[in-house]
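Asks: One structure, as structure tokens, below. Some questions next.
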Amino acid sequence: MNTRILDTATKRISIAVAIVTGLILLAVAVYTFLGPTASQPANGPKIIAAAQAFTRALRQSHAPIPQSIPLQVLIDQGLLQPADIGSFQGLEANISLTATNPGPQTVLMRVHMPDGTDLTLLANGSAQQGTNR
């Protein structure tokens with residue numbers, strides 16, 4: 001009994017397509033399970049509570065309150081955990097501590113992105129993107 005698995009061009013092409021399809025599915029599975037992790041969202045209420053606690057501590061010690069501070073300072077002070085700032089880790093992110101003209105256009109937070117743009121969160125809940133440097 002003499003059987004030939006690859007005796008026709010159609011069978012060879014079918015087997016090649018099946019192998020390539022299997023490799024693609026394997027690559028997709030590996031990328032899905034071992035690929036980059038989804039970015040973690042920032043914990044807004046914890047960031048606000050940390051900024052308020054920082055401001056209270058400055059008031060109690062009669063120290064001047066700066067206009068804004070980097071989120072990293074709140075982490076260094078133990079008021080936030082690195083996981084609390086989520087995707088802002090490694091970025092220059094500042095939260096406002098004082099408002100000179102309270103209103104809907106008051107800047108609550110500014111994040112300087114690696115591409116040179118600034119993302120600004122306003123008191124009315126909107127965000128603006130621009131170059132402020």
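In the structure tokens, chains take the letters A, B, ... in the order shown, each chain's residues start at 1, and ligands count up from 1 in the order shown.
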Taking the DSSP secondary structure from the backbone, can you list the residues of stretch 1-128 of chain A that are helix (DSSP H, G or I), as number ranges by chain?

Replies: A: 9-34, 44-60, 71-76, 82-88

Asks: Output as a short mmCIF file (atom, residue, chain, number, x, y, z; two decimals) with C-alpha atoms, in the first residue's frame all residues of chain A that backbone DSSP marks as strand (DSSP E).

Replies:
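Contents of states13.cif, freshly written:
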data_model
loop_
_atom_site.label_atom_id
_atom_site.label_comp_id
_atom_site.auth_asym_id
_atom_site.auth_seq_id
_atom_site.Cartn_x
_atom_site.Cartn_y
_atom_site.Cartn_z
CA SER A 68 -0.47 73.03 41.77
CA ILE A 69 1.71 70.03 42.60
CA PRO A 70 2.87 66.95 40.70
CA GLU A 92 4.31 65.00 34.24
CA ALA A 93 0.85 65.29 35.82
CA ASN A 94 -0.04 68.22 38.08
CA ILE A 95 -3.19 68.73 40.12
CA SER A 96 -4.38 72.20 41.05
CA VAL A 107 -8.03 74.05 35.46
CA LEU A 108 -8.20 71.04 37.78
CA MET A 109 -5.37 69.00 36.34
CA ARG A 110 -2.76 69.28 33.60
CA VAL A 111 -0.80 66.38 32.10
CA HIS A 112 2.19 66.93 29.84
CA ASP A 118 -0.79 69.15 27.31
CA LEU A 119 -4.09 67.62 28.34
CA THR A 120 -6.08 69.88 30.65
CA LEU A 121 -9.05 68.82 32.77
CA LEU A 122 -11.43 71.68 33.50
CA ALA A 127 -10.79 68.16 28.67
CA GLN A 128 -8.72 70.25 26.30
CA GLN A 129 -5.64 69.34 24.33
CA GLY A 130 -3.02 71.83 23.27
#

Asks: Using only C-alpha atoms, find the one residue out of A:Gly44, A:Gly125, A:Gly78, A:Gly86 that sits nearest to A:Gln105.

Replies: A:Gly125

Asks: What gap, in Å, lies between atom CA of A:Pro41 and atom CA of A:Ile85?

Replies: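 Taking atom CA of A:Pro41 and atom CA of A:Ile85, their separation equals 7.4 Å.
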
Asks: Enter the distance from atom CA of A:Gln40 to atom CA of A:Ala83, in Å, rounded to one decimal.

Replies: 7.8 Å

Asks: Give me the residues within 12 Å of A:Ile75 as an NGL selection string, counting only C-alpha atoms and dropping any in the same chain fewer than 2 places off.

Replies: :A and (46-47 or 50-51 or 54 or 69-73 or 77-85 or 89 or 93)

Asks: Determine the nearest neighbour of A:Thr106 from the options A:Ala123, A:Ala63, A:Ala49, A:Leu91, counting only C-alpha atoms.

Replies: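 Smallest distance to A:Thr106 is found for A:Ala123.
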
Asks: Of the candidates A:Leu97, A:Ala16, A:Pro104, A:Val30, which one gets nearest to A:Ala53 if we count only C-alpha atoms?

Replies: A:Leu97
